[in-house]
$ cat data-v3.cif   # mmCIF, C-alpha atoms
data_target
loop_
_atom_site.label_atom_id
_atom_site.label_comp_id
_atom_site.auth_asym_id
_atom_site.auth_seq_id
_atom_site.Cartn_x
_atom_site.Cartn_y
_atom_site.Cartn_z
CA MET A 1 9.91 -7.51 -48.01
CA TYR A 2 9.87 -7.27 -44.22
CA ILE A 3 7.24 -9.55 -42.62
CA ALA A 4 6.61 -9.90 -38.90
CA ILE A 5 4.93 -12.89 -37.30
CA GLU A 6 3.14 -11.33 -34.34
CA GLY A 7 0.94 -12.69 -31.59
CA ILE A 8 0.74 -13.26 -27.89
CA ASP A 9 2.85 -15.88 -26.13
CA THR A 10 1.83 -19.50 -26.84
CA CYS A 11 0.05 -18.62 -30.12
CA GLY A 12 2.60 -20.72 -32.02
CA LYS A 13 4.47 -18.02 -33.93
CA SER A 14 7.93 -19.33 -33.03
CA THR A 15 6.97 -22.83 -34.22
CA GLN A 16 5.75 -21.40 -37.51
CA ILE A 17 8.94 -19.40 -37.97
CA GLU A 18 10.98 -22.60 -37.53
CA ILE A 19 8.91 -24.22 -40.29
CA LEU A 20 9.59 -21.24 -42.56
CA LYS A 21 13.32 -21.37 -41.74
CA ASN A 22 13.50 -24.96 -42.91
CA LYS A 23 11.60 -24.22 -46.12
CA TYR A 24 13.20 -20.86 -46.99
CA PRO A 25 16.83 -20.85 -45.78
CA GLU A 26 17.55 -17.98 -48.17
CA PHE A 27 15.35 -15.62 -46.15
CA VAL A 28 16.72 -13.52 -43.28
CA PHE A 29 15.22 -14.63 -39.96
CA THR A 30 15.38 -12.56 -36.81
CA LYS A 31 13.47 -11.77 -33.63
CA GLU A 32 12.53 -8.91 -31.34
CA PRO A 33 13.63 -8.60 -28.65
CA GLY A 34 16.95 -10.40 -28.81
CA GLY A 35 17.90 -10.43 -32.50
CA THR A 36 21.26 -8.75 -31.86
CA ASN A 37 24.00 -9.26 -29.26
CA VAL A 38 22.81 -6.21 -27.32
CA GLY A 39 19.21 -7.27 -27.82
CA HIS A 40 19.93 -10.68 -26.30
CA ILE A 41 21.09 -9.00 -23.09
CA ILE A 42 18.09 -6.66 -23.08
CA ARG A 43 15.71 -9.59 -23.65
CA ASN A 44 17.08 -11.46 -20.64
CA ILE A 45 16.66 -8.42 -18.42
CA ALA A 46 13.18 -7.55 -19.68
CA LEU A 47 11.67 -11.03 -19.56
CA ASN A 48 13.39 -12.54 -16.55
CA THR A 49 13.44 -9.66 -14.06
CA HIS A 50 9.99 -10.11 -12.52
CA GLU A 51 10.06 -7.02 -10.30
CA LEU A 52 10.90 -4.75 -13.24
CA ASP A 53 8.65 -1.69 -13.60
CA ALA A 54 6.37 -1.96 -16.65
CA ARG A 55 7.49 1.38 -18.06
CA CYS A 56 11.14 0.41 -17.63
CA ARG A 57 10.43 -2.79 -19.57
CA MET A 58 8.83 -0.74 -22.36
CA PHE A 59 11.93 1.47 -22.70
CA LEU A 60 14.20 -1.59 -22.74
CA PHE A 61 12.20 -3.00 -25.65
CA LEU A 62 12.42 0.35 -27.47
CA ALA A 63 16.21 0.28 -27.03
CA ASP A 64 16.32 -3.25 -28.42
CA ARG A 65 14.29 -2.24 -31.45
CA ALA A 66 16.53 0.73 -32.23
CA GLU A 67 19.54 -1.58 -32.23
CA HIS A 68 17.69 -4.24 -34.20
CA VAL A 69 16.67 -1.91 -37.02
CA GLN A 70 20.22 -0.59 -37.38
CA LYS A 71 21.98 -3.96 -37.22
CA ILE A 72 19.48 -6.33 -38.87
CA ILE A 73 16.63 -4.66 -40.77
CA ILE A 74 18.41 -1.85 -42.64
CA PRO A 75 21.40 -3.98 -43.78
CA ASN A 76 19.01 -6.66 -45.11
CA ILE A 77 16.25 -4.43 -46.45
CA SER A 78 16.71 -5.76 -50.02
CA ASN A 79 16.07 -9.34 -48.83
CA VAL A 80 13.01 -11.11 -47.46
CA ILE A 81 13.09 -10.59 -43.70
CA ILE A 82 10.92 -12.71 -41.38
CA SER A 83 10.86 -11.42 -37.81
CA ASP A 84 9.48 -13.02 -34.67
CA ARG A 85 7.74 -9.86 -33.38
CA SER A 86 8.38 -6.23 -34.31
CA ALA A 87 7.61 -2.71 -33.11
CA ILE A 88 3.92 -3.63 -33.50
CA SER A 89 4.25 -5.69 -30.31
CA GLY A 90 5.89 -2.75 -28.58
CA ILE A 91 2.94 -0.51 -29.37
CA ALA A 92 0.33 -3.15 -28.56
CA TYR A 93 1.91 -4.12 -25.24
CA SER A 94 2.24 -0.50 -24.09
CA TYR A 95 -1.41 0.51 -24.51
CA ASP A 96 -2.14 0.77 -20.77
CA MET A 97 1.05 2.42 -19.52
CA GLY A 98 -0.78 5.65 -18.71
CA ILE A 99 0.99 7.29 -21.65
CA PRO A 100 -1.05 8.88 -24.47
CA TYR A 101 -1.33 6.39 -27.32
CA GLU A 102 0.00 8.87 -29.87
CA THR A 103 3.11 9.26 -27.69
CA ILE A 104 3.68 5.50 -27.65
CA VAL A 105 3.35 5.40 -31.44
CA HIS A 106 5.71 8.37 -31.81
CA MET A 107 8.34 6.79 -29.55
CA SER A 108 8.12 3.56 -31.53
CA LYS A 109 8.57 5.44 -34.81
CA LEU A 110 11.66 7.13 -33.40
CA ALA A 111 13.11 3.85 -32.16
CA VAL A 112 12.71 2.05 -35.50
CA TYR A 113 13.51 5.03 -37.75
CA ASP A 114 9.92 4.79 -39.00
CA ILE A 115 10.69 1.39 -40.54
CA PHE A 116 7.80 -0.98 -39.84
CA PRO A 117 6.99 -4.37 -41.38
CA ASP A 118 5.36 -4.40 -44.80
CA ALA A 119 2.92 -6.94 -43.39
CA VAL A 120 2.11 -8.66 -40.12
CA ILE A 121 0.78 -12.22 -39.80
CA VAL A 122 -0.93 -13.10 -36.52
CA PRO A 123 -1.75 -16.64 -35.35
CA TRP A 124 -4.95 -15.67 -33.50
CA ILE A 125 -5.61 -17.69 -30.33
CA THR A 126 -8.85 -18.36 -28.45
CA ARG A 127 -9.30 -18.27 -24.68
CA ASP A 128 -9.65 -22.05 -24.35
CA VAL A 129 -6.50 -22.79 -26.33
CA LEU A 130 -4.57 -20.08 -24.48
CA GLU A 131 -5.61 -21.42 -21.06
CA TYR A 132 -4.54 -24.92 -22.01
CA ARG A 133 -1.14 -23.86 -23.39
CA LEU A 134 -0.34 -21.65 -20.41
CA GLY A 135 -1.14 -24.56 -18.12
CA VAL A 136 1.55 -26.81 -19.57
CA LYS A 137 4.59 -24.49 -19.62
CA GLU A 138 6.81 -22.42 -17.35
CA LEU A 139 5.65 -18.81 -17.55
CA ASP A 140 7.79 -15.72 -18.15
CA ALA A 141 7.08 -12.28 -16.68
CA ILE A 142 4.58 -11.31 -19.38
CA GLU A 143 2.74 -14.64 -19.40
CA LYS A 144 2.25 -14.39 -15.65
CA CYS A 145 -0.02 -11.39 -16.25
CA GLY A 146 -2.85 -13.86 -16.91
CA VAL A 147 -5.27 -14.91 -19.63
CA ASP A 148 -7.43 -11.76 -19.66
CA ARG A 149 -4.40 -9.52 -19.98
CA LEU A 150 -2.92 -11.62 -22.78
CA LEU A 151 -6.18 -11.64 -24.73
CA GLU A 152 -6.43 -7.87 -24.40
CA LEU A 153 -2.86 -7.59 -25.69
CA GLN A 154 -3.90 -9.71 -28.68
CA ASN A 155 -6.81 -7.35 -29.33
CA GLN A 156 -4.36 -4.45 -29.36
CA ILE A 157 -2.31 -5.85 -32.26
CA PRO A 158 -4.78 -4.81 -35.02
CA ILE A 159 -5.07 -1.37 -33.40
CA ALA A 160 -1.28 -1.01 -33.43
CA CYS A 161 -1.12 -2.08 -37.08
CA ASP A 162 -3.74 0.50 -38.01
CA ALA A 163 -1.86 3.20 -36.08
CA VAL A 164 1.24 2.83 -38.28
CA GLY A 165 -0.43 1.71 -41.51
CA VAL A 166 0.73 -1.91 -41.57
CA ARG A 167 -1.29 -4.66 -43.29
CA MET A 168 -2.36 -7.44 -40.91
CA TYR A 169 -3.49 -10.98 -41.66
CA LYS A 170 -5.04 -13.35 -39.09
CA VAL A 171 -4.56 -17.12 -39.03
CA ASP A 172 -6.54 -19.44 -36.74
CA ALA A 173 -3.95 -20.60 -34.18
CA SER A 174 -6.19 -23.45 -32.98
CA LEU A 175 -5.70 -25.32 -36.27
CA PRO A 176 -3.13 -28.15 -36.44
CA ILE A 177 0.42 -26.89 -36.89
CA GLU A 178 0.63 -28.05 -40.51
CA MET A 179 -2.60 -26.25 -41.42
CA VAL A 180 -1.44 -23.04 -39.75
CA ALA A 181 1.78 -23.30 -41.78
CA LYS A 182 -0.20 -23.66 -45.02
CA GLU A 183 -2.36 -20.66 -44.19
CA ILE A 184 0.71 -18.54 -43.44
CA GLU A 185 2.34 -19.60 -46.67
CA LYS A 186 -0.80 -18.73 -48.64
CA ILE A 187 -0.61 -15.23 -47.19
CA MET A 188 3.08 -14.96 -48.04
CA CYS A 189 2.31 -16.01 -51.61
CA LYS A 190 -0.26 -13.22 -51.83
CA LEU A 191 2.52 -10.89 -50.70
CA GLY A 192 4.75 -12.23 -53.49
CA VAL A 193 7.46 -13.96 -51.46
CA CYS A 194 6.83 -17.67 -52.13
CA VAL A 195 5.58 -19.94 -54.87
CA ALA A 196 4.03 -22.93 -53.07
CA TYR A 197 0.44 -21.85 -53.73
CA PRO A 198 -0.49 -20.23 -57.06
#
$ encode --input "data-v3.cif" --output "structure tokens"
Amino acid sequence: MYIAIEGIDTCGKSTQIEILKNKYPEFVFTKEPGGTNVGHIIRNIALNTHELDARCRMFLFLADRAEHVQKIIIPNISNVIISDRSAISGIAYSYDMGIPYETIVHMSKLAVYDIFPDAVIVPWITRDVLEYRLGVKELDAIEKCGVDRLLELQNQIPIACDAVGVRMYKVDASLPIEMVAKEIEKIMCKLGVCVAYP
């Protein structure tokens, strides 16, 4: 099974993936962008070049995902794959590029060979929690877009999941880290990939 942990920056998805890594070392863990050698280079360009055109950034992410599917997802398709982001983010984050939505979805399908996660888990963050977390960290190019933009991006994730027929599960990101981890694991058990909760 291929599961993506999605969500906007600061929602806690990377922390939750680290918890899963420690508990399930037999799973395949990866990330988008940056899960391959080429993807690492693309990630650095896309997230750290602040004057980069938004459409250029979108195409860089599509290139990363094409490489990622070929080098990571397809070779491990018989295993449990946990990915920090997926093509769902690419669709959600491109909603206001001035490109027809169906075109964005089509380009994403081409990039990932029509291979999307079996399920997406989203630590869902509130405005208050987001404002606090952004205030205590150094911001990358996407985070600098502001709270309203990030919350709109979050709202686009369910729309993107619907567009490609991917199941989505929300978890309250304002809960303590340990409780978020338990909620995520309950979802994974429903999906048949863990045994911690009957």
$ residues_around --input "data-v3.cif" --residues "range 16-25 of chain A" --least-positions-apart "2" --cutoff "12 Å" --atoms "only C-alpha atoms" --output "ChimeraX atom specification"
/A:3-7,10-14,27-31,79-85,121-123,171,173,176-185,188,193-196
$ atom_distance --input "data-v3.cif" --atom1 "CA of Trp124 in chain A" --atom2 "CA of Asp172 in chain A"
5.2 Å
$ closest_residue --input "data-v3.cif" --among "A:Asp148, A:Asp9, A:Asp162, A:Glu67" --to "Leu134 in chain A" --atoms "all atoms listed in the file"
A:Asp9
$ resolve_selection --input "data-v3.cif" --expression "the PyMOL selection byres ((chain A and resi 32-36) around 8)" --output "list in words"
Thr30, Lys31, Asn37, Val38, Gly39, His40, Ile41, Ile42, Arg43, Phe61, Asp64, Arg65, Glu67, His68, Lys71, Ile72, Ser83, Asp84, Arg85 and Ser86 of chain A
$ atom_distance --input "data-v3.cif" --atom1 "CA of Asn76 in chain A" --atom2 "CA of Gln156 in chain A"
28.3 Å
$ closest_residue --input "data-v3.cif" --among "A:Ala66, A:Leu191, A:Ile115, A:Leu151" --to "Arg167 in chain A" --atoms "only C-alpha atoms"
A:Leu191
$ residues_around --input "data-v3.cif" --residues "Ser108 in chain A" --least-positions-apart "4" --cutoff "10 Å" --atoms "all atoms listed in the file" --output "MDAnalysis selection string"
chainID A and resid 59 61:63 65:66 87:88 90:91 102:104 112:116 164
$ resolve_selection --input "data-v3.cif" --expression "the PyMOL selection byres ((chain A and resi 128-131) around 8)" --output "PyMOL selection string"
chain A and resi 10-11+125-127+132-135+147+174
$ closest_residue --input "data-v3.cif" --among "A:Met97, A:Ile74, A:Val69, A:Ala92" --to "Leu110 in chain A" --atoms "only C-alpha atoms"
A:Val69
$ closest_residue --input "data-v3.cif" --among "A:Ser94, A:Ala119, A:Val166, A:Glu26" --to "Gly192 in chain A" --atoms "only C-alpha atoms"
A:Ala119
$ axis_aligned_box --input "data-v3.cif" --around "range 149-158 of chain A" --padding-each-side "5 Å" --output "AutoDock Vina command-line options"
--center_x -4.6 --center_y -8.0 --center_z -27.5 --size_x 14.5 --size_y 17.2 --size_z 25.0
